[in-house]
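One file, start-v5.txt, is given below (compact mmCIF, C-alpha atoms).
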```txt
# COMPACT_ATOMS: atom_id res chain seq x y z
CA MET A 1 0.00 0.00 0.00
CA THR A 2 1.84 3.06 -1.29
CA ASN A 3 -0.10 6.29 -1.04
CA ASP A 4 0.96 9.61 -2.52
CA ASP A 5 0.12 13.06 -1.15
CA MET A 6 -3.19 13.17 -3.05
CA ASP A 7 -4.26 9.85 -1.52
CA LEU A 8 -3.40 11.25 1.91
CA ARG A 9 -5.42 14.40 1.25
CA ILE A 10 -8.40 12.29 0.18
CA LEU A 11 -8.03 10.11 3.27
CA ALA A 12 -7.79 13.16 5.55
CA LEU A 13 -11.07 14.52 4.15
CA LEU A 14 -12.79 11.14 4.34
CA GLN A 15 -11.73 10.85 7.99
CA GLU A 16 -13.70 14.04 8.62
CA ASP A 17 -16.75 12.76 6.70
CA ALA A 18 -16.75 9.31 5.09
CA LEU A 19 -19.92 10.20 3.19
CA MET A 20 -18.22 12.89 1.10
CA THR A 21 -18.84 12.12 -2.55
CA ALA A 22 -16.15 12.27 -5.21
CA ASP A 23 -17.87 15.41 -6.51
CA LEU A 24 -17.58 17.13 -3.12
CA LEU A 25 -13.97 16.00 -2.73
CA ALA A 26 -13.18 17.37 -6.21
CA GLU A 27 -14.37 20.81 -5.06
CA ARG A 28 -11.58 20.76 -2.45
CA LEU A 29 -8.87 18.90 -4.35
CA PRO A 30 -7.23 19.44 -7.77
CA LEU A 31 -8.54 16.16 -9.24
CA SER A 32 -11.60 15.15 -11.21
CA PRO A 33 -14.41 13.27 -9.46
CA SER A 34 -13.69 10.16 -11.57
CA ALA A 35 -9.98 10.18 -10.62
CA ILE A 36 -10.93 10.58 -6.97
CA ALA A 37 -13.47 7.75 -7.19
CA ARG A 38 -10.81 5.46 -8.74
CA ARG A 39 -8.37 6.27 -5.95
CA ILE A 40 -11.01 5.60 -3.27
CA ARG A 41 -11.95 2.26 -4.89
CA ARG A 42 -8.27 1.28 -4.99
CA MET A 43 -7.74 2.25 -1.35
CA ARG A 44 -10.81 0.30 -0.25
CA GLY A 45 -9.64 -2.66 -2.31
CA ASP A 46 -6.08 -2.71 -1.00
CA GLY A 47 -7.09 -2.19 2.64
CA THR A 48 -5.81 1.39 3.01
CA ILE A 49 -9.41 2.26 3.91
CA ALA A 50 -10.24 -0.44 6.43
CA ALA A 51 -13.88 0.52 7.03
CA ASP A 52 -16.46 3.26 6.68
CA VAL A 53 -18.24 3.66 10.00
CA SER A 54 -20.67 5.97 11.76
CA ILE A 55 -19.55 7.40 15.07
CA VAL A 56 -22.66 7.38 17.22
CA SER A 57 -23.27 10.24 19.63
CA GLU A 58 -23.43 9.46 23.34
CA GLU A 59 -26.88 11.06 23.21
CA VAL A 60 -28.24 7.78 21.80
CA GLY A 61 -28.30 6.46 25.35
CA PRO A 62 -26.29 6.15 28.53
CA PHE A 63 -23.24 3.92 28.40
CA LEU A 64 -20.52 3.31 30.92
CA SER A 65 -17.06 3.35 29.33
CA ALA A 66 -13.84 2.17 30.93
CA LEU A 67 -10.15 1.94 30.27
CA VAL A 68 -9.00 -1.52 31.39
CA HIS A 69 -5.32 -2.39 31.79
CA VAL A 70 -4.65 -6.13 31.63
CA GLN A 71 -1.54 -7.94 32.84
CA PHE A 72 -0.93 -11.48 31.63
CA ASP A 73 -0.02 -14.34 33.92
CA ARG A 74 0.83 -16.79 31.18
CA HIS A 75 2.60 -15.63 28.08
CA SER A 76 2.04 -18.72 25.94
CA LEU A 77 1.36 -17.54 22.41
CA ASP A 78 -1.66 -19.80 21.84
CA ALA A 79 -3.34 -18.79 25.10
CA MET A 80 -2.76 -15.06 24.52
CA GLN A 81 -4.01 -15.22 20.93
CA GLY A 82 -7.15 -17.09 22.00
CA PHE A 83 -7.78 -14.53 24.74
CA GLN A 84 -7.32 -11.64 22.31
CA ARG A 85 -9.68 -13.26 19.78
CA ARG A 86 -12.38 -13.41 22.48
CA LEU A 87 -11.84 -9.74 23.29
CA ILE A 88 -11.95 -8.72 19.63
CA ALA A 89 -15.17 -10.70 19.11
CA SER A 90 -16.96 -8.87 21.93
CA PRO A 91 -19.13 -5.94 20.76
CA HIS A 92 -18.46 -4.29 24.13
CA VAL A 93 -14.71 -4.06 23.56
CA GLN A 94 -14.00 -1.03 21.41
CA LEU A 95 -10.20 -1.14 21.52
CA VAL A 96 -7.60 -3.80 22.17
CA ALA A 97 -4.04 -2.46 22.17
CA GLU A 98 -0.81 -4.23 23.10
CA VAL A 99 1.25 -1.84 25.21
CA THR A 100 4.63 -1.56 26.90
CA GLY A 101 5.15 -1.26 30.63
CA SER A 102 3.76 -3.27 33.50
CA PHE A 103 0.55 -4.16 31.63
CA ASP A 104 0.26 -6.13 28.41
CA LEU A 105 -3.02 -4.82 26.99
CA VAL A 106 -5.18 -1.74 27.24
CA LEU A 107 -8.88 -2.09 26.46
CA VAL A 108 -11.68 0.40 25.99
CA VAL A 109 -14.87 -1.32 27.13
CA SER A 110 -18.44 0.00 27.03
CA ALA A 111 -21.46 -1.44 28.78
CA ARG A 112 -25.01 -0.30 29.55
CA ASP A 113 -24.40 0.18 33.28
CA MET A 114 -22.23 -0.99 36.18
CA ASP A 115 -24.04 -4.33 36.56
CA ALA A 116 -23.56 -5.08 32.86
CA PHE A 117 -19.93 -3.97 33.06
CA ASN A 118 -19.24 -6.25 36.04
CA ALA A 119 -20.85 -9.24 34.31
CA LEU A 120 -18.89 -8.52 31.14
CA VAL A 121 -15.54 -8.17 32.88
CA ASP A 122 -16.19 -11.27 34.98
CA SER A 123 -16.89 -13.29 31.84
CA LEU A 124 -14.05 -11.85 29.73
CA LEU A 125 -11.30 -11.41 32.30
CA GLY A 126 -12.27 -12.84 35.66
CA ASN A 127 -11.86 -16.55 35.01
CA ASP A 128 -9.31 -16.54 32.21
CA PRO A 129 -6.02 -18.18 33.26
CA VAL A 130 -4.09 -15.84 30.92
CA VAL A 131 -5.03 -12.84 33.09
CA ARG A 132 -2.94 -12.17 36.19
CA ARG A 133 -4.72 -8.94 37.07
CA TYR A 134 -6.50 -5.97 35.61
CA GLU A 135 -7.16 -2.38 36.65
CA THR A 136 -10.09 -0.27 35.54
CA SER A 137 -10.55 3.48 35.20
CA PHE A 138 -14.00 4.74 34.27
CA PHE A 139 -14.58 7.61 31.88
CA LYS A 140 -16.22 10.58 33.59
CA ARG A 141 -16.68 12.65 30.45
CA ARG A 142 -15.49 12.09 26.93
CA ARG A 143 -14.07 15.40 25.75
CA LYS A 144 -12.79 14.13 22.41
CA PHE A 145 -13.14 10.90 20.52
CA THR A 146 -11.80 10.24 17.06
CA PRO A 147 -10.32 7.28 15.26
CA ALA A 148 -8.69 9.69 12.76
CA LEU A 149 -4.93 9.58 12.23
CA PRO A 150 -2.95 12.87 11.91
CA LEU A 151 -2.29 12.37 8.17
CA HIS A 152 -1.20 15.98 7.73
CA GLU A 153 2.13 14.92 9.27
CA LEU A 154 2.77 12.63 6.28
CA LEU A 155 2.03 15.25 3.64
CA GLY A 156 4.91 16.87 1.81
CA ASP A 157 3.56 20.39 2.45
```

Please rewrite the model in this file as structure tokens.
Amino acid sequence: MTNDDMDLRILALLQEDALMTADLLAERLPLSPSAIARRIRRMRGDGTIAADVSIVSEEVGPFLSALVHVQFDRHSLDAMQGFQRRLIASPHVQLVAEVTGSFDLVLVVSARDMDAFNALVDSLLGNDPVVRRYETSFFKRRRKFTPALPLHELLGD
């Protein structure tokens, strides 16, 4: 996946609004709508664009979100990969990141309320022999949330 500056500009705009049409993008970029559409198709095809998603407002309903740090007890590759597959499969786990330091993973987990969160964490982490311990911090307020990457840093401008 090799992307030039124009690809990065397209990606930066699509990160702001994935529903922008090639016509709208062409109003902001020095390319024709058809050239932009071809580039977007290529980037979707080669995996540069991994997904087009809607970021849902917290106003849709109350959710409890938490940052969970997980420390492994057993570092066998098969056990850790199986554990991570279970985390990734859970619709409540929004992020799974391998990290450095005293913990091995950081998770962002969302649940309807504290009872649902406790049941979820008990089922995902509580009885898994891979997990030595975990620590949880709950979000009080989300001031910013974006999956966008700072692509402007890659541009040759």

Exercise. Just the residues within 12 Å of segment 117-122 of chain A, please, counting all atoms listed in the file, with nothing from its chain fewer than 5 positions along; format it as a VMD selection string.
Key: chain A and resid 63 to 70 86 to 87 90 to 93 107 to 112 127 to 128 131 133 to 136 138

Quiz item: Hey, can you check how far atom CA of Asp104 of chain A sits from atom CA of Ala89 of chain A?
Solution: 18.6 Å

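Every protein, DNA or RNA residue with an atom at most 10 Å from segment 27-33 of chain A, where only C-alpha atoms count and chain neighbours fewer than 5 positions away do not, is listed here: Met6, Arg9, Ile10, Leu13, Thr21, Ala22, Arg38 and Arg39 of chain A.
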
Those same residues - C-alpha atoms - I'd like them written as a PDB file, keeping the file's coordinate frame.
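What landed in result-v6.pdb:
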```pdb
ATOM      1  CA  MET A   6      -3.190  13.170  -3.050  1.00  0.00           C
ATOM      2  CA  ARG A   9      -5.420  14.400   1.250  1.00  0.00           C
ATOM      3  CA  ILE A  10      -8.400  12.290   0.180  1.00  0.00           C
ATOM      4  CA  LEU A  13     -11.070  14.520   4.150  1.00  0.00           C
ATOM      5  CA  THR A  21     -18.840  12.120  -2.550  1.00  0.00           C
ATOM      6  CA  ALA A  22     -16.150  12.270  -5.210  1.00  0.00           C
ATOM      7  CA  ARG A  38     -10.810   5.460  -8.740  1.00  0.00           C
ATOM      8  CA  ARG A  39      -8.370   6.270  -5.950  1.00  0.00           C
TER       9      ARG A  39
END
```

Quiz prompt | Among the residues A:Ile88, A:Pro147, A:Pro129, A:Asp7, the one that comes closest to Ala51 of chain A [using all atoms listed in the file] | solution = A:Pro147

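Between Ala50 of chain A and the candidates A:Arg142, A:Met80, A:Glu16, A:Leu11, the tightest atom-to-atom separation, counting all atoms listed in the file, involves A:Leu11.
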
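Picture a line from atom CA of Arg132 of chain A to atom CA of Gln84 of chain A; it runs 14.6 Å.
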
Quiz prompt | Which of A:Ala35, A:Val130, A:Val96, A:Gly101 sits closest to Gly82 of chain A [using all atoms listed in the file] | solution =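 Closest to Gly82 of chain A, using all atoms listed in the file: A:Val130.
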
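With distances restricted to all atoms listed in the file, A:Asn3 is the closest residue to Arg42 of chain A from A:Ser76, A:Asp113, A:Asn3, A:Lys144.
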
Practice problem: Would you work out the distance separating atom CA of Asp46 of chain A from atom CA of Ala97 of chain A, expressed in Å to one decimal? | Solution: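 Atom-to-atom, atom CA of Asp46 of chain A and atom CA of Ala97 of chain A are spaced 23.3 Å apart.
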